[in-house]
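These notes are about the structure you will find just below.
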Amino acid sequence: MHGGDPLEPRIIGPGFYARVYAVVRQVPGGWVTTYGDVATLLGSPRVARHVGWALAALRDGADSAGEPVPWHRVINARGRISHRGQTLRASRQYELLARDGVVANHSGAIDLKRHRWDGAGCVVPPP
DNA sequence: GGTTTGACCATAA
DNA sequence: CTTATGGCCAAAC
């Protein structure tokens with residue numbers, strides 16, 4: 001057969017975006033997660049950048065099927081918003097997070113120790 | 001099919 | 001605290 005690595009299944013592939021959305025949709029309001037955490041839940045911590053890519057493909061907060069995705073609950077590992085120059089989207093993200101009860105501190109950072117979603121079903125209400 | 005890019009991350013200075 | 005650098009891996013050109 002041609003050289004593929006059967007021991008290393010591709011994390012990225014058809015349905016990868018849908019998987020990202022499925023994970024993000026499980027983040028409860030009041031909690032946040034990181035690109036790296038989503039990638040880890042998908043099986044590979046190395047694809048964090050692609051998680052961002054999947055979110056970048058969203059149209060007005062919804063996937064191609066029109067299903068909403070709480071994209072604003074995904075921030076970077078430093079607790080900050082990754083906007084890469086798109087400050088308009090960043091301000092909207094802060095606004096949506098505030099609606100969830102997640103507020104940034106004086107320097108625009110969110111306390112991950114407080115709000116980081118652990119990847120399990122959170123029965124405990126957010127702090 | 002090589003080069004560039006990207007809503008990342010860990011590390012170093 | 002900030003900025004810079006290398007690594008990561010798939011999509012777009």
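Here, A, B, ... name the chains of the structure tokens in the order displayed, residue numbers run from 1 inside each chain, and ligands are numbered from 1 in the same displayed order.
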Self-check item: Distance filter 8 Å, only C-alpha atoms (C1' of nucleotides), chain A against chain B, as a PyMOL selection string
Solution: chain A and resi 35-36+48-49+52-53+55-56+76-77+82-84
Each residue of chain C lying at most 12 Å from chain A should get a row with its shortest atom-to-atom pair and the distance in Å to one decimal, counting only C-alpha atoms (C1' of nucleotides); could you produce that, ordered by chain and increasing number, as JSON lines?
```
{"residue": "C:DC1", "atom": "C1'", "partner": "A:Ser107", "partner_atom": "CA", "distance": 10.4}
{"residue": "C:DG7", "atom": "C1'", "partner": "A:Arg46", "partner_atom": "CA", "distance": 9.5}
{"residue": "C:DC8", "atom": "C1'", "partner": "A:Arg46", "partner_atom": "CA", "distance": 5.9}
{"residue": "C:DC9", "atom": "C1'", "partner": "A:Val47", "partner_atom": "CA", "distance": 6.8}
{"residue": "C:DA10", "atom": "C1'", "partner": "A:His50", "partner_atom": "CA", "distance": 7.6}
{"residue": "C:DA11", "atom": "C1'", "partner": "A:Trp53", "partner_atom": "CA", "distance": 9.5}
```
Quiz item: DSSP says strand (DSSP E or B) for which residues of chain A? Put them as a list of chain:residue names?
Solution: A:Val32, A:Thr33, A:Thr34, A:Arg59, A:Ala62, A:Pro68, A:Val74, A:Ile75, A:Arg116
Write the residues of the preceding selection, restricted to N, CA, C and O atoms, as a short mmCIF file (atom, residue, chain, number, x, y, z; two decimals), in the first residue's frame.
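Result written to again_11.cif:
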```cif
data_model
loop_
_atom_site.label_atom_id
_atom_site.label_comp_id
_atom_site.auth_asym_id
_atom_site.auth_seq_id
_atom_site.Cartn_x
_atom_site.Cartn_y
_atom_site.Cartn_z
N VAL A 32 -15.52 28.59 29.89
CA VAL A 32 -14.81 28.77 28.62
C VAL A 32 -13.87 27.60 28.42
O VAL A 32 -13.59 26.84 29.35
N THR A 33 -13.40 27.44 27.21
CA THR A 33 -12.40 26.42 26.93
C THR A 33 -11.35 27.04 26.03
O THR A 33 -11.49 28.17 25.60
N THR A 34 -10.31 26.31 25.76
CA THR A 34 -9.25 26.84 24.91
C THR A 34 -9.14 26.02 23.62
O THR A 34 -9.62 24.89 23.55
N ARG A 59 -20.37 31.05 10.06
CA ARG A 59 -21.07 32.20 9.48
C ARG A 59 -22.02 32.76 10.53
O ARG A 59 -23.01 32.09 10.87
N ALA A 62 -22.93 30.47 13.33
CA ALA A 62 -23.58 29.20 13.03
C ALA A 62 -22.79 28.43 11.99
O ALA A 62 -22.04 29.02 11.21
N PRO A 68 -26.36 26.95 15.52
CA PRO A 68 -25.51 27.88 16.26
C PRO A 68 -24.40 27.18 17.02
O PRO A 68 -24.56 26.04 17.48
N VAL A 74 -14.59 29.97 23.32
CA VAL A 74 -13.26 29.43 23.04
C VAL A 74 -12.26 30.57 23.02
O VAL A 74 -12.37 31.49 22.20
N ILE A 75 -11.30 30.50 23.93
CA ILE A 75 -10.26 31.53 24.00
C ILE A 75 -8.90 30.83 23.97
O ILE A 75 -8.84 29.61 23.90
N ARG A 116 -12.31 27.87 33.36
CA ARG A 116 -11.97 26.83 32.38
C ARG A 116 -12.83 25.59 32.53
O ARG A 116 -12.86 24.97 33.58
#
```
Exercise. Show which residues sit within 12 Å of Ser64 of chain A, as a ChimeraX atom specification. Count only C-alpha atoms (C1' of nucleotides), and ignore same-chain residues fewer than 6 positions away.
Key: /A:17-18,21,54-58
Pull N, CA, C and O atoms from the residues just selected and write them as an mmCIF file, in the first residue's frame.
```cif
data_model
loop_
_atom_site.group_PDB
_atom_site.id
_atom_site.type_symbol
_atom_site.label_atom_id
_atom_site.label_comp_id
_atom_site.auth_asym_id
_atom_site.auth_seq_id
_atom_site.Cartn_x
_atom_site.Cartn_y
_atom_site.Cartn_z
ATOM 1 N N TYR A 17 -14.496 19.666 11.255
ATOM 2 C CA TYR A 17 -15.160 20.883 11.703
ATOM 3 C C TYR A 17 -16.379 20.542 12.560
ATOM 4 O O TYR A 17 -16.599 21.136 13.605
ATOM 5 N N ALA A 18 -17.160 19.573 12.097
ATOM 6 C CA ALA A 18 -18.363 19.180 12.835
ATOM 7 C C ALA A 18 -17.996 18.674 14.222
ATOM 8 O O ALA A 18 -18.717 18.916 15.194
ATOM 9 N N TYR A 21 -17.280 21.662 16.365
ATOM 10 C CA TYR A 21 -18.523 22.313 16.775
ATOM 11 C C TYR A 21 -19.232 21.504 17.854
ATOM 12 O O TYR A 21 -19.810 22.064 18.778
ATOM 13 N N ALA A 54 -11.532 26.076 12.193
ATOM 14 C CA ALA A 54 -12.921 25.609 12.125
ATOM 15 C C ALA A 54 -13.863 26.718 12.588
ATOM 16 O O ALA A 54 -14.908 26.951 11.979
ATOM 17 N N LEU A 55 -13.456 27.410 13.643
ATOM 18 C CA LEU A 55 -14.315 28.486 14.149
ATOM 19 C C LEU A 55 -14.346 29.648 13.166
ATOM 20 O O LEU A 55 -15.354 30.344 13.042
ATOM 21 N N ALA A 56 -13.255 29.841 12.456
ATOM 22 C CA ALA A 56 -13.200 30.924 11.481
ATOM 23 C C ALA A 56 -14.156 30.665 10.319
ATOM 24 O O ALA A 56 -14.551 31.586 9.620
ATOM 25 N N ALA A 57 -14.527 29.408 10.146
ATOM 26 C CA ALA A 57 -15.417 29.057 9.042
ATOM 27 C C ALA A 57 -16.886 29.277 9.390
ATOM 28 O O ALA A 57 -17.760 29.129 8.540
ATOM 29 N N LEU A 58 -17.134 29.645 10.640
ATOM 30 C CA LEU A 58 -18.526 29.873 11.040
ATOM 31 C C LEU A 58 -19.097 31.113 10.355
ATOM 32 O O LEU A 58 -18.381 32.080 10.112
#
```
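For the pair atom CA of Trp117 of chain A and atom CA of Val38 of chain A, the separation is 10.3 Å.
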Quiz item: Interatomic distance between atom CA of Leu112 of chain A and atom CA of Val27 of chain A?
Solution: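 About the pair atom CA of Leu112 of chain A and atom CA of Val27 of chain A: they are 13.8 Å apart.
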Practice problem: May I have all residues of chain A that DSSP, computed from the backbone, assigns to alpha helix (DSSP H), given as a PyMOL selection string? | Solution: chain A and resi 16-24+35-41+48-56+87-100+112-115
Exercise. Work out how far apart atom CA of Ser91 of chain A and atom CA of Pro70 of chain A are and give it in Å to one decimal.
Key: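 Between atom CA of Ser91 of chain A and atom CA of Pro70 of chain A the gap is 15.1 Å.
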